[in-house]
Amino acid sequence: MTKKCIVVKLGSNILINEEGRLNEERINKLAKELADLRHQGNDMILVTSGAIGVGMRKLKLFKNQKSIPLNQAIAAVGQGLLMRAYEDIFARYDQVIAQILLTREDFEARNRYLNARHTISTLLGLGVIPVINENDTVAVEEIKFGDNDNLSALVASLVGADLLINLSDTEGLYTGDPKCDENVSLIAQVDRLTPELEEIAGGAGSEVGSGGMITKLQAARTSTSSGIDMVIANGTKDNVIMRIVEGERIGTLFKSPIDKVESRKRWLFALSLMGKIEVDKGAEEAISKRGKSLLASGIVAVGGTFKVGDAVLLVNKQDRGIARGLINYSSEEIEKIKGHKSSEIEDILGYKYFDEVIHRDNMVLSL
């Protein structure tokens, strides 16, 4: 087996049983697979959910709470219990682990992003398996939107992983909702995320998890746009991680059509989008097919308020995201220069920063 860097995300549904307790038997099996793969020379990273679910049981709370401060407190209780369980279980296989708690700001600030990458890389070099979770005690977004799916994709992009495995209690992506329609079928491979697939995904998560299939598709978009394949599979299956790594077709494979994106461009996926720019057909083709920069002449409309250096989404006429990048002009300035040639910018504004509204070196395609 060729050495790989593999990120595995474990959902709350496979970590916590129906009684709200940690499913130690299942965690033990998954931990053994992770440790075995690590001992074979692979770099393994675990992104875990479950802190809120474990904390709910400890505090004798048995349904999702609507209060964000209460959820943050529950997570603070559960995170320690979760890590203690992981520490005890991985120790059985002579595997050292390390806890890393991340927030959105750790990805958006370039220096913190690099610090996180360096720390994880150093741990991997030492043979350690980093165990990563959203810092629920201070992060509001994850509690509200179930972002550990997205966190796992950002971590995979951060380290330039070879594969992201997203494990939950579902077999993968179906042609419909298998809970409502027994005639739906499993989609074995997705080569391109379409609006139709996004419509299929939906619904809330469980009592102990806050995500659903839609967040997994968001993660798949980030992963494949970074040049990283992603698999959604059922984490209750025997030897599921090892079988996926060895190439067995389990669950749904989201196949990236591109080579791995360079490190700095992968960082763009971690940035919050401050607005969007609609481009015409010519600009869409130039950006998507020929790797060109965005010029003012190709801009049709501007949405949102943003400043120079912010990250914005580029959309086509159908409002489908085609790329994201760092903007060279503010939204107010772009409203004035949209549709005009680069040679006219100075006459319109009285100054000119760049010919390009977004340079191709500061842009990454959304697949």
# chains A, B, ... in the order shown; residues from 1 in each chain; ligands from 1
>>> residues_around(residues="Leu271 in chain A", least_positions_apart="3", cutoff="10 Å", atoms="only C-alpha atoms", output="PDB file with C-alpha atoms, in the first residue's frame")
ATOM      1  CA  ARG A 104     -13.468  29.041  11.919  1.00  0.00           C
ATOM      2  CA  GLU A 105     -11.021  31.834  12.745  1.00  0.00           C
ATOM      3  CA  PHE A 107      -8.790  28.705   9.115  1.00  0.00           C
ATOM      4  CA  GLU A 108      -9.579  32.254   8.008  1.00  0.00           C
ATOM      5  CA  ALA A 109      -6.557  34.039   9.493  1.00  0.00           C
ATOM      6  CA  ARG A 110      -3.625  33.112   7.259  1.00  0.00           C
ATOM      7  CA  ARG A 266      -6.772  25.550  -0.784  1.00  0.00           C
ATOM      8  CA  TRP A 267      -6.809  28.184   1.943  1.00  0.00           C
ATOM      9  CA  LEU A 268      -9.434  30.106  -0.037  1.00  0.00           C
ATOM     10  CA  MET A 274     -18.462  38.393   2.022  1.00  0.00           C
ATOM     11  CA  ASP A 310     -12.298  40.011   1.049  1.00  0.00           C
ATOM     12  CA  ALA A 311     -13.272  36.621  -0.336  1.00  0.00           C
ATOM     13  CA  VAL A 312     -16.229  36.601  -2.722  1.00  0.00           C
ATOM     14  CA  ARG A 324     -14.133  32.037  -5.249  1.00  0.00           C
ATOM     15  CA  GLY A 325     -11.313  34.488  -4.803  1.00  0.00           C
ATOM     16  CA  LEU A 326      -9.791  37.526  -3.140  1.00  0.00           C
TER      17      LEU A 326
END
>>> residues_around(residues="Ala219 in chain A", least_positions_apart="6", cutoff="8 Å", atoms="only C-alpha atoms", output="ChimeraX atom specification")
/A:149-154
>>> write_last_selection(atoms="C-alpha atoms", output="CSV table (one decimal), in the first residue's frame")
chain,number,residue,atom,x,y,z
A,149,ASP,CA,-18.7,17.6,8.0
A,150,ASN,CA,-17.4,20.9,6.7
A,151,LEU,CA,-14.6,20.9,9.3
A,152,SER,CA,-13.4,17.5,8.1
A,153,ALA,CA,-13.2,18.8,4.5
A,154,LEU,CA,-11.3,21.9,5.6
>>> residues_around(residues="Gly339 in chain A", least_positions_apart="2", cutoff="7 Å", atoms="only C-alpha atoms", output="VMD selection string")
chain A and resid 296 to 300 337 341
>>> write_last_selection(atoms="C-alpha atoms", output="JSON list (two decimals), in the first residue's frame")
[["chain", "number", "residue", "atom", "x", "y", "z"],
["A", 296, "ALA", "CA", -14.44, 44.18, -14.91],
["A", 297, "SER", "CA", -15.81, 43.75, -18.42],
["A", 298, "GLY", "CA", -17.20, 40.32, -17.53],
["A", 299, "ILE", "CA", -19.12, 41.43, -14.44],
["A", 300, "VAL", "CA", -22.90, 41.65, -14.67],
["A", 337, "ILE", "CA", -16.58, 49.67, -13.22],
["A", 341, "LYS", "CA", -12.70, 47.51, -19.99]]
>>> residues_around(residues="Ala161 in chain A", least_positions_apart="4", cutoff="10 Å", atoms="only C-alpha atoms", output="list in words")
Lys4, Cys5, Ile6, Val7, Asp43, Met44, Ile45, Ala153, Val155, Ala156, Ser157, Ser223, Ser226, Gly227, Ile228, Asp229 and Lys260 of chain A
>>> write_last_selection(atoms="C-alpha atoms", output="mmCIF file, in the first residue's frame")
data_model
loop_
_atom_site.group_PDB
_atom_site.id
_atom_site.type_symbol
_atom_site.label_atom_id
_atom_site.label_comp_id
_atom_site.auth_asym_id
_atom_site.auth_seq_id
_atom_site.Cartn_x
_atom_site.Cartn_y
_atom_site.Cartn_z
ATOM 1 C CA LYS A 4 -1.300 8.115 2.179
ATOM 2 C CA CYS A 5 -2.622 10.953 4.282
ATOM 3 C CA ILE A 6 -6.179 10.033 5.247
ATOM 4 C CA VAL A 7 -8.736 12.070 7.168
ATOM 5 C CA ASP A 43 -0.689 9.613 8.129
ATOM 6 C CA MET A 44 -4.059 9.353 9.871
ATOM 7 C CA ILE A 45 -6.205 12.237 11.141
ATOM 8 C CA ALA A 153 -13.165 18.811 4.501
ATOM 9 C CA VAL A 155 -8.856 19.795 7.582
ATOM 10 C CA ALA A 156 -8.328 17.534 4.562
ATOM 11 C CA SER A 157 -7.701 20.609 2.424
ATOM 12 C CA SER A 223 -12.889 18.309 -0.826
ATOM 13 C CA SER A 226 -9.264 20.848 -3.525
ATOM 14 C CA GLY A 227 -8.381 17.769 -5.556
ATOM 15 C CA ILE A 228 -9.263 15.297 -2.776
ATOM 16 C CA ASP A 229 -11.612 12.324 -3.168
ATOM 17 C CA LYS A 260 -4.502 18.433 -5.876
#
>>> atom_distance(atom1="CA of Glu278 in chain A", atom2="CA of Ser331 in chain A")
12.2 Å
>>> residues_around(residues="Leu217 in chain A", least_positions_apart="4", cutoff="12 Å", atoms="only C-alpha atoms", output="mmCIF file with C-alpha atoms, in the first residue's frame")
data_model
loop_
_atom_site.group_PDB
_atom_site.id
_atom_site.type_symbol
_atom_site.label_atom_id
_atom_site.label_comp_id
_atom_site.auth_asym_id
_atom_site.auth_seq_id
_atom_site.Cartn_x
_atom_site.Cartn_y
_atom_site.Cartn_z
ATOM 1 C CA ASP A 147 -20.271 21.920 10.578
ATOM 2 C CA ASP A 149 -18.697 17.603 8.036
ATOM 3 C CA ASN A 150 -17.352 20.867 6.666
ATOM 4 C CA ALA A 153 -13.165 18.811 4.501
ATOM 5 C CA ASN A 166 -16.935 10.552 6.184
ATOM 6 C CA GLY A 172 -24.077 6.952 1.358
ATOM 7 C CA LEU A 173 -26.000 9.242 -0.973
ATOM 8 C CA VAL A 190 -20.508 11.179 -8.046
ATOM 9 C CA ARG A 192 -19.872 16.250 -10.390
ATOM 10 C CA LEU A 193 -22.101 17.854 -7.775
ATOM 11 C CA THR A 194 -25.219 19.151 -9.487
ATOM 12 C CA PRO A 195 -28.209 21.179 -8.248
ATOM 13 C CA GLU A 196 -30.289 18.013 -8.633
ATOM 14 C CA LEU A 197 -28.051 16.134 -6.188
ATOM 15 C CA GLU A 198 -28.220 19.020 -3.749
ATOM 16 C CA GLU A 199 -32.017 18.876 -3.903
ATOM 17 C CA ILE A 200 -31.905 15.187 -2.997
ATOM 18 C CA ALA A 201 -29.894 15.938 0.143
ATOM 19 C CA GLY A 202 -31.699 17.507 3.078
ATOM 20 C CA GLY A 211 -25.718 17.686 10.575
ATOM 21 C CA GLY A 212 -27.445 15.988 7.659
ATOM 22 C CA MET A 213 -26.661 14.909 4.103
ATOM 23 C CA ARG A 221 -17.642 20.153 -2.807
ATOM 24 C CA THR A 222 -14.796 21.583 -0.732
ATOM 25 C CA SER A 223 -12.889 18.309 -0.826
ATOM 26 C CA THR A 224 -13.202 17.599 -4.542
ATOM 27 C CA SER A 225 -12.542 21.242 -5.442
ATOM 28 C CA MET A 230 -14.237 11.837 -0.478
ATOM 29 C CA VAL A 231 -16.251 8.767 0.528
ATOM 30 C CA ILE A 232 -19.487 8.730 2.527
ATOM 31 C CA THR A 252 -20.645 6.867 -2.250
ATOM 32 C CA LEU A 253 -17.354 8.030 -3.771
ATOM 33 C CA PHE A 254 -17.116 11.702 -4.689
ATOM 34 C CA LEU A 367 -16.594 22.114 -8.796
#
>>> atom_distance(atom1="CA of Thr103 in chain A", atom2="CA of Glu134 in chain A")
5.9 Å
>>> select_by_dssp(residues="range 81-176 of chain A", states="helix (DSSP H, G or I)", output="PyMOL selection string")
chain A and resi 81-91+104-108+110-125+140-145+148-159
>>> write_last_selection(atoms="N, CA and C atoms", output="CSV table (one decimal), in the first residue's frame")
chain,number,residue,atom,x,y,z
A,81,LEU,N,-14.8,14.1,28.4
A,81,LEU,CA,-15.2,12.7,28.5
A,81,LEU,C,-14.8,12.0,27.2
A,82,LEU,N,-15.1,12.7,26.0
A,82,LEU,CA,-14.8,12.1,24.7
A,82,LEU,C,-13.3,11.8,24.6
A,83,MET,N,-12.5,12.7,24.9
A,83,MET,CA,-11.1,12.5,24.7
A,83,MET,C,-10.5,11.5,25.7
A,84,ARG,N,-11.1,11.4,26.9
A,84,ARG,CA,-10.6,10.4,27.8
A,84,ARG,C,-10.9,9.0,27.2
A,85,ALA,N,-12.1,8.8,26.6
A,85,ALA,CA,-12.4,7.6,26.0
A,85,ALA,C,-11.5,7.2,24.9
A,86,TYR,N,-11.2,8.2,24.0
A,86,TYR,CA,-10.3,8.0,22.9
A,86,TYR,C,-8.9,7.6,23.4
A,87,GLU,N,-8.4,8.3,24.4
A,87,GLU,CA,-7.1,8.1,25.0
A,87,GLU,C,-7.0,6.6,25.5
A,88,ASP,N,-8.0,6.2,26.2
A,88,ASP,CA,-8.0,4.8,26.8
A,88,ASP,C,-8.0,3.8,25.6
A,89,ILE,N,-8.9,4.0,24.6
A,89,ILE,CA,-9.0,3.0,23.6
A,89,ILE,C,-7.8,3.0,22.7
A,90,PHE,N,-7.3,4.1,22.2
A,90,PHE,CA,-6.1,4.1,21.4
A,90,PHE,C,-4.9,3.5,22.1
A,91,ALA,N,-4.8,3.7,23.4
A,91,ALA,CA,-3.7,3.2,24.2
A,91,ALA,C,-3.6,1.6,24.1
A,104,ARG,N,-13.5,28.5,13.3
A,104,ARG,CA,-13.5,29.0,11.9
A,104,ARG,C,-12.3,30.0,11.8
A,105,GLU,N,-12.1,30.8,12.8
A,105,GLU,CA,-11.0,31.8,12.7
A,105,GLU,C,-9.6,31.2,12.5
A,106,ASP,N,-9.5,30.0,13.0
A,106,ASP,CA,-8.2,29.3,12.8
A,106,ASP,C,-7.9,29.0,11.3
A,107,PHE,N,-8.9,28.9,10.5
A,107,PHE,CA,-8.8,28.7,9.1
A,107,PHE,C,-8.7,30.0,8.3
A,108,GLU,N,-9.5,31.0,8.8
A,108,GLU,CA,-9.6,32.3,8.0
A,108,GLU,C,-8.4,33.1,8.1
A,110,ARG,N,-4.7,33.8,8.0
A,110,ARG,CA,-3.6,33.1,7.3
A,110,ARG,C,-2.5,32.6,8.2
A,111,ASN,N,-2.1,33.4,9.2
A,111,ASN,CA,-1.1,33.0,10.1
A,111,ASN,C,-1.5,31.8,11.0
A,112,ARG,N,-2.8,31.9,11.4
A,112,ARG,CA,-3.3,30.8,12.3
A,112,ARG,C,-3.5,29.5,11.4
A,113,TYR,N,-3.9,29.7,10.2
A,113,TYR,CA,-4.1,28.6,9.3
A,113,TYR,C,-2.7,27.8,9.1
A,114,LEU,N,-1.7,28.6,8.9
A,114,LEU,CA,-0.4,28.0,8.7
A,114,LEU,C,0.1,27.4,10.0
A,115,ASN,N,-0.2,28.0,11.2
A,115,ASN,CA,0.2,27.4,12.4
A,115,ASN,C,-0.5,26.1,12.7
A,116,ALA,N,-1.8,26.0,12.3
A,116,ALA,CA,-2.5,24.8,12.5
A,116,ALA,C,-1.9,23.7,11.6
A,117,ARG,N,-1.6,24.0,10.4
A,117,ARG,CA,-1.0,23.1,9.4
A,117,ARG,C,0.4,22.6,9.9
A,118,HIS,N,1.2,23.5,10.4
A,118,HIS,CA,2.5,23.1,10.9
A,118,HIS,C,2.4,22.2,12.1
A,119,THR,N,1.4,22.5,13.0
A,119,THR,CA,1.2,21.6,14.2
A,119,THR,C,0.8,20.2,13.8
A,120,ILE,N,-0.2,20.2,12.9
A,120,ILE,CA,-0.7,18.8,12.5
A,120,ILE,C,0.4,18.1,11.8
A,121,SER,N,1.2,18.7,10.9
A,121,SER,CA,2.3,18.1,10.2
A,121,SER,C,3.3,17.5,11.1
A,122,THR,N,3.6,18.3,12.2
A,122,THR,CA,4.6,17.9,13.2
A,122,THR,C,4.1,16.7,13.9
A,123,LEU,N,2.9,16.7,14.3
A,123,LEU,CA,2.3,15.5,15.0
A,123,LEU,C,2.3,14.3,14.1
A,124,LEU,N,2.0,14.4,12.9
A,124,LEU,CA,2.0,13.3,12.0
A,124,LEU,C,3.4,12.8,11.8
A,125,GLY,N,4.4,13.7,11.8
A,125,GLY,CA,5.8,13.2,11.7
A,125,GLY,C,6.3,12.5,12.9
A,140,VAL,N,-20.1,29.2,17.7
A,140,VAL,CA,-21.6,29.2,17.6
A,140,VAL,C,-22.0,28.4,16.3
A,141,GLU,N,-21.3,28.6,15.2
A,141,GLU,CA,-21.7,28.1,13.9
A,141,GLU,C,-21.9,26.6,13.9
A,142,GLU,N,-21.0,25.9,14.5
A,142,GLU,CA,-21.0,24.4,14.4
A,142,GLU,C,-22.2,23.9,15.2
A,143,ILE,N,-22.6,24.5,16.3
A,143,ILE,CA,-23.7,24.0,17.1
A,143,ILE,C,-25.0,24.2,16.3
A,144,LYS,N,-25.1,25.3,15.6
A,144,LYS,CA,-26.3,25.7,14.8
A,144,LYS,C,-26.4,24.9,13.5
A,145,PHE,N,-25.3,24.6,12.8
A,145,PHE,CA,-25.3,24.1,11.5
A,145,PHE,C,-24.7,22.7,11.3
A,148,ASN,N,-19.2,19.9,11.5
A,148,ASN,CA,-18.1,19.0,11.5
A,148,ASN,C,-17.9,18.2,10.2
A,149,ASP,N,-18.9,18.1,9.4
A,149,ASP,CA,-18.7,17.6,8.0
A,149,ASP,C,-17.8,18.6,7.3
A,150,ASN,N,-18.2,19.9,7.3
A,150,ASN,CA,-17.4,20.9,6.7
A,150,ASN,C,-16.0,21.0,7.3
A,151,LEU,N,-15.9,20.9,8.6
A,151,LEU,CA,-14.6,20.9,9.3
A,151,LEU,C,-13.7,19.8,8.8
A,152,SER,N,-14.2,18.6,8.6
A,152,SER,CA,-13.4,17.5,8.1
A,152,SER,C,-12.8,17.8,6.7
A,153,ALA,N,-13.6,18.5,5.8
A,153,ALA,CA,-13.2,18.8,4.5
A,153,ALA,C,-12.1,19.9,4.6
A,154,LEU,N,-12.3,20.9,5.5
A,154,LEU,CA,-11.3,21.9,5.6
A,154,LEU,C,-10.0,21.4,6.1
A,155,VAL,N,-10.1,20.4,7.1
A,155,VAL,CA,-8.9,19.8,7.6
A,155,VAL,C,-8.2,19.0,6.5
A,156,ALA,N,-8.9,18.3,5.7
A,156,ALA,CA,-8.3,17.5,4.6
A,156,ALA,C,-7.6,18.5,3.6
A,157,SER,N,-8.3,19.6,3.3
A,157,SER,CA,-7.7,20.6,2.4
A,157,SER,C,-6.5,21.2,3.1
A,158,LEU,N,-6.6,21.5,4.3
A,158,LEU,CA,-5.4,22.1,5.1
A,158,LEU,C,-4.2,21.3,5.0
A,159,VAL,N,-4.3,20.0,5.1
A,159,VAL,CA,-3.1,19.2,5.1
A,159,VAL,C,-2.8,18.6,3.7
>>> atom_distance(atom1="CA of Arg57 in chain A", atom2="CA of Thr137 in chain A")
16.9 Å
>>> residues_around(residues="Asn328 in chain A", least_positions_apart="6", cutoff="6 Å", atoms="only C-alpha atoms", output="PyMOL selection string")
chain A and resi 308+357-358
>>> closest_residue(among="A:Leu365, A:Ile214, A:Leu313, A:Val8", to="Lys292 in chain A", atoms="only C-alpha atoms")
A:Leu365
>>> residues_around(residues="Arg249 in chain A", least_positions_apart="2", cutoff="10 Å", atoms="only C-alpha atoms", output="NGL selection string")
:A and (188-189 or 231 or 233 or 243-247 or 251-253)
>>> select_by_dssp(residues="range 57-142 of chain A", states="strand (DSSP E)", output="ChimeraX atom specification")
/A:97-102,129-134
>>> write_last_selection(atoms="C-alpha atoms", output="mmCIF file, in the first residue's frame")
data_model
loop_
_atom_site.group_PDB
_atom_site.id
_atom_site.type_symbol
_atom_site.label_atom_id
_atom_site.label_comp_id
_atom_site.auth_asym_id
_atom_site.auth_seq_id
_atom_site.Cartn_x
_atom_site.Cartn_y
_atom_site.Cartn_z
ATOM 1 C CA ILE A 97 -3.186 10.733 20.024
ATOM 2 C CA ALA A 98 -3.357 14.502 20.413
ATOM 3 C CA GLN A 99 -6.362 16.771 20.879
ATOM 4 C CA ILE A 100 -6.774 19.774 18.583
ATOM 5 C CA LEU A 101 -9.761 22.111 18.915
ATOM 6 C CA LEU A 102 -10.319 24.474 16.007
ATOM 7 C CA ILE A 129 -2.964 10.654 15.312
ATOM 8 C CA PRO A 130 -4.454 14.154 15.754
ATOM 9 C CA VAL A 131 -8.025 14.014 17.064
ATOM 10 C CA ILE A 132 -9.744 17.183 15.867
ATOM 11 C CA ASN A 133 -13.044 18.707 16.873
ATOM 12 C CA GLU A 134 -14.730 22.054 16.485
#
